[in-house]
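Below you'll find the structure, written out as structure tokens, and then a few comments.
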Amino acid sequence: MLLEVRDLHVEFRTRDGVAKAVNGVDYGVDAGETLAVLGESGSGKSVTAQAIMGILDIPPGRITGGEVLFQGRDLLKLKEEERRKVRGAEMAMIFQDALSSLNPVLPVGDQLGEMFVVHRGMSRKDARAKAVELMERVRIPAAKERVKDYPHQFSGGMRQRIMIAMALALEPALIIADEPTTALDVTVQAQVMDLLAELQREYNMGLILITHDLGVVADVADRIAVMYAGRIVESAPVHDIYKVPAHPYTKGLLESIPRLDQKGEELYAIKGLPPNLMHIPPGCAFHPRCPMAQDVCRTDEPPLYEVNGEEPARRSACHFWRECMNG
Ligand SMILES: Nc1ncnc2c1ncn2[C@@H]1O[C@H](COP(=O)(O)OP(=O)(O)OP(=O)(O)O)[C@@H](O)[C@H]1O
Ligand SMILES: [Mg+2]
């Protein structure tokens, strides 16, 4: 495994109490593989990513347990200086909002070039040439002329391509993309997603793709990890999960996708709201919203059960995964 997150716990201490944002996350991604991380707002997708990247807000955040094994080393044990070397060079992140991630007063070419000056000790001139090359890689038209332009002179889609170029610059082994296309128009979303998927294959990178959009996932992901209240509730190869979900929450998510052949019919939406992270319900955190909940679900927290004994592994944190798959 390129990256393996084991039993990760993160909490936030605020004036109102302790929010348990991540409560024992286990997931992994291999080189050349795309892992999609799904789940409603507040389920801990971004916080997990920030803990992996080492950019968590500490305080109020605090990692209270677990390991982040990257190429065999536990990143949580590294000193900040070593951590900084890993970031950018070996793993990079793409955020939703390019405009606030890019420096507004610096030409994009200089920002791209900076990566090579700082990490590779290149001259400004060589770095500029590299910047143009990268802009061409992400198919920005007239890259040579546009290298001197400022972020606000690009469209949203083009800016997101620049973010992808920044992330790719040092050819990292892992990219984490946190809702990379959410802020874009639907047609542009697809183009940016296709580009990212293409480059990921070409560079044989591991990709963690955080998204709300189950539609996107089917096209690009190899595996899916579904999060709820800071835990993985189901993890499986993408085709298996679409065929038969093994967790009632996943089932609810899948049934919420609009389908062209069901026009007019009301969408199934999961009833209720995700829990308050300061008061996560005992037992299975999903039980108050679950149509299949039994007494045991209100008292016993389900482990991540092995749903099939074979590879690739499939897991579900539901006491009734068998019933879920059969019904
Ligand atoms: N800086 C912070 N200070 C306090 N609490 C925080 C902070 N960042 C995150 N949290 C807590 O962690 C929870 C999980 O946040 P996270 O950003 O990981 O959600 P998410 O799954 O990425 O949601 P979304 O889909 O909306 O991006 C939040 O609901 C909040 O309670
Ligand atoms: Mg998020």
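Here's how to read the names in the structure tokens: chain A, B, ... by the order shown, residue numbers from 1 in each chain, ligand numbers from 1 in the order shown.
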
Inset, instruction - Could you give me the residues within range 53-103 of chain A that DSSP places in strand (DSSP E), as a PyMOL selection string? - result: chain A and resi 61-70+73-74+91-94

Same residues, N, CA and C atoms, output as a PDB file, in the first residue's frame:
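Output file again_20.pdb is given in full below:
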ATOM      1  N   GLY A  61      -7.759  21.613  16.570  1.00  0.00           N
ATOM      2  CA  GLY A  61      -7.735  20.182  16.253  1.00  0.00           C
ATOM      3  C   GLY A  61      -6.676  19.448  17.046  1.00  0.00           C
ATOM      4  N   ARG A  62      -6.877  18.141  17.198  1.00  0.00           N
ATOM      5  CA  ARG A  62      -5.891  17.324  17.887  1.00  0.00           C
ATOM      6  C   ARG A  62      -6.015  15.896  17.366  1.00  0.00           C
ATOM      7  N   ILE A  63      -4.888  15.296  17.007  1.00  0.00           N
ATOM      8  CA  ILE A  63      -4.913  13.897  16.597  1.00  0.00           C
ATOM      9  C   ILE A  63      -4.744  13.077  17.865  1.00  0.00           C
ATOM     10  N   THR A  64      -5.756  12.292  18.202  1.00  0.00           N
ATOM     11  CA  THR A  64      -5.712  11.590  19.486  1.00  0.00           C
ATOM     12  C   THR A  64      -5.375  10.107  19.338  1.00  0.00           C
ATOM     13  N   GLY A  65      -5.176   9.670  18.095  1.00  0.00           N
ATOM     14  CA  GLY A  65      -4.777   8.281  17.936  1.00  0.00           C
ATOM     15  C   GLY A  65      -4.657   7.896  16.485  1.00  0.00           C
ATOM     16  N   GLY A  66      -3.928   6.790  16.249  1.00  0.00           N
ATOM     17  CA  GLY A  66      -3.856   6.231  14.910  1.00  0.00           C
ATOM     18  C   GLY A  66      -2.520   6.435  14.233  1.00  0.00           C
ATOM     19  N   GLU A  67      -2.456   5.940  13.000  1.00  0.00           N
ATOM     20  CA  GLU A  67      -1.239   6.014  12.195  1.00  0.00           C
ATOM     21  C   GLU A  67      -1.582   6.449  10.777  1.00  0.00           C
ATOM     22  N   VAL A  68      -0.650   7.152  10.153  1.00  0.00           N
ATOM     23  CA  VAL A  68      -0.758   7.477   8.731  1.00  0.00           C
ATOM     24  C   VAL A  68       0.510   6.945   8.072  1.00  0.00           C
ATOM     25  N   LEU A  69       0.431   5.712   7.563  1.00  0.00           N
ATOM     26  CA  LEU A  69       1.612   5.082   6.968  1.00  0.00           C
ATOM     27  C   LEU A  69       1.695   5.453   5.499  1.00  0.00           C
ATOM     28  N   PHE A  70       2.782   6.156   5.153  1.00  0.00           N
ATOM     29  CA  PHE A  70       3.000   6.565   3.770  1.00  0.00           C
ATOM     30  C   PHE A  70       4.325   5.966   3.318  1.00  0.00           C
ATOM     31  N   ARG A  73       6.314   4.673   6.222  1.00  0.00           N
ATOM     32  CA  ARG A  73       6.652   5.482   7.397  1.00  0.00           C
ATOM     33  C   ARG A  73       5.399   6.080   8.007  1.00  0.00           C
ATOM     34  N   ASP A  74       5.374   6.179   9.342  1.00  0.00           N
ATOM     35  CA  ASP A  74       4.243   6.833   9.999  1.00  0.00           C
ATOM     36  C   ASP A  74       4.475   8.339  10.013  1.00  0.00           C
ATOM     37  N   MET A  91       3.462  14.161  -1.647  1.00  0.00           N
ATOM     38  CA  MET A  91       1.997  14.159  -1.712  1.00  0.00           C
ATOM     39  C   MET A  91       1.516  15.595  -1.847  1.00  0.00           C
ATOM     40  N   ALA A  92       0.467  15.780  -2.632  1.00  0.00           N
ATOM     41  CA  ALA A  92      -0.031  17.130  -2.861  1.00  0.00           C
ATOM     42  C   ALA A  92      -1.542  17.129  -2.780  1.00  0.00           C
ATOM     43  N   MET A  93      -2.100  18.306  -2.554  1.00  0.00           N
ATOM     44  CA  MET A  93      -3.547  18.385  -2.378  1.00  0.00           C
ATOM     45  C   MET A  93      -4.138  19.406  -3.341  1.00  0.00           C
ATOM     46  N   ILE A  94      -5.328  19.090  -3.832  1.00  0.00           N
ATOM     47  CA  ILE A  94      -6.079  20.014  -4.678  1.00  0.00           C
ATOM     48  C   ILE A  94      -7.357  20.375  -3.947  1.00  0.00           C
TER      49      ILE A  94
END

Chain A near ligand 2 within 12 Å: what's each residue's closest atom pair and its distance in Å to one decimal, counting only C-alpha atoms and all ligand atoms, ordered by chain then ascending residue number, as a Markdown table?
| residue | atom | partner | partner_atom_place_in_ligand_line | distance |
| --- | --- | --- | --- | --- |
| A:Ala21 | CA | ligand 2 | 1 (Mg) | 11.5 |
| A:Val37 | CA | ligand 2 | 1 (Mg) | 10.3 |
| A:Leu38 | CA | ligand 2 | 1 (Mg) | 10.0 |
| A:Gly39 | CA | ligand 2 | 1 (Mg) | 9.5 |
| A:Glu40 | CA | ligand 2 | 1 (Mg) | 9.1 |
| A:Ser41 | CA | ligand 2 | 1 (Mg) | 6.8 |
| A:Gly42 | CA | ligand 2 | 1 (Mg) | 7.0 |
| A:Ser43 | CA | ligand 2 | 1 (Mg) | 8.2 |
| A:Gly44 | CA | ligand 2 | 1 (Mg) | 7.1 |
| A:Lys45 | CA | ligand 2 | 1 (Mg) | 5.5 |
| A:Ser46 | CA | ligand 2 | 1 (Mg) | 4.1 |
| A:Val47 | CA | ligand 2 | 1 (Mg) | 7.2 |
| A:Thr48 | CA | ligand 2 | 1 (Mg) | 9.3 |
| A:Ala49 | CA | ligand 2 | 1 (Mg) | 8.8 |
| A:Gln50 | CA | ligand 2 | 1 (Mg) | 9.7 |
| A:Ile94 | CA | ligand 2 | 1 (Mg) | 11.9 |
| A:Phe95 | CA | ligand 2 | 1 (Mg) | 9.4 |
| A:Gln96 | CA | ligand 2 | 1 (Mg) | 9.1 |
| A:Asp97 | CA | ligand 2 | 1 (Mg) | 11.6 |
| A:Ile176 | CA | ligand 2 | 1 (Mg) | 11.8 |
| A:Ala177 | CA | ligand 2 | 1 (Mg) | 10.4 |
| A:Asp178 | CA | ligand 2 | 1 (Mg) | 6.7 |
| A:Glu179 | CA | ligand 2 | 1 (Mg) | 7.3 |
| A:Pro180 | CA | ligand 2 | 1 (Mg) | 10.6 |
| A:Thr182 | CA | ligand 2 | 1 (Mg) | 10.8 |
| A:Leu209 | CA | ligand 2 | 1 (Mg) | 11.1 |
| A:Ile210 | CA | ligand 2 | 1 (Mg) | 7.6 |
| A:Thr211 | CA | ligand 2 | 1 (Mg) | 8.3 |
| A:His212 | CA | ligand 2 | 1 (Mg) | 9.2 |
| A:Met227 | CA | ligand 2 | 1 (Mg) | 11.5 |
| A:Gly230 | CA | ligand 2 | 1 (Mg) | 11.9 |

Legend entry - Pairwise distance for atom 3 (N, counted along the ligand's line) of ligand 1 and CA of Arg13 in chain A, rounded to one decimal in Å: 7.7 Å

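You can rank A:Val86, A:Cys324, A:Leu277, A:Ala167 by their closest distance to ligand 1 using only C-alpha atoms and all ligand atoms, and at the top of that list sits A:Leu277.
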
Inset, instruction - Find the residues near range 250-256 of chain A: any atom within 10 Å, counting only C-alpha atoms, skip ones fewer than 4 places away on the same chain, and give them as a count of residues only. - result: 30

Legend entry - Among listed residues A:Val25, A:Tyr150, A:Pro288, A:Phe12, nearest Leu102 in chain A (using only C-alpha atoms): A:Tyr150
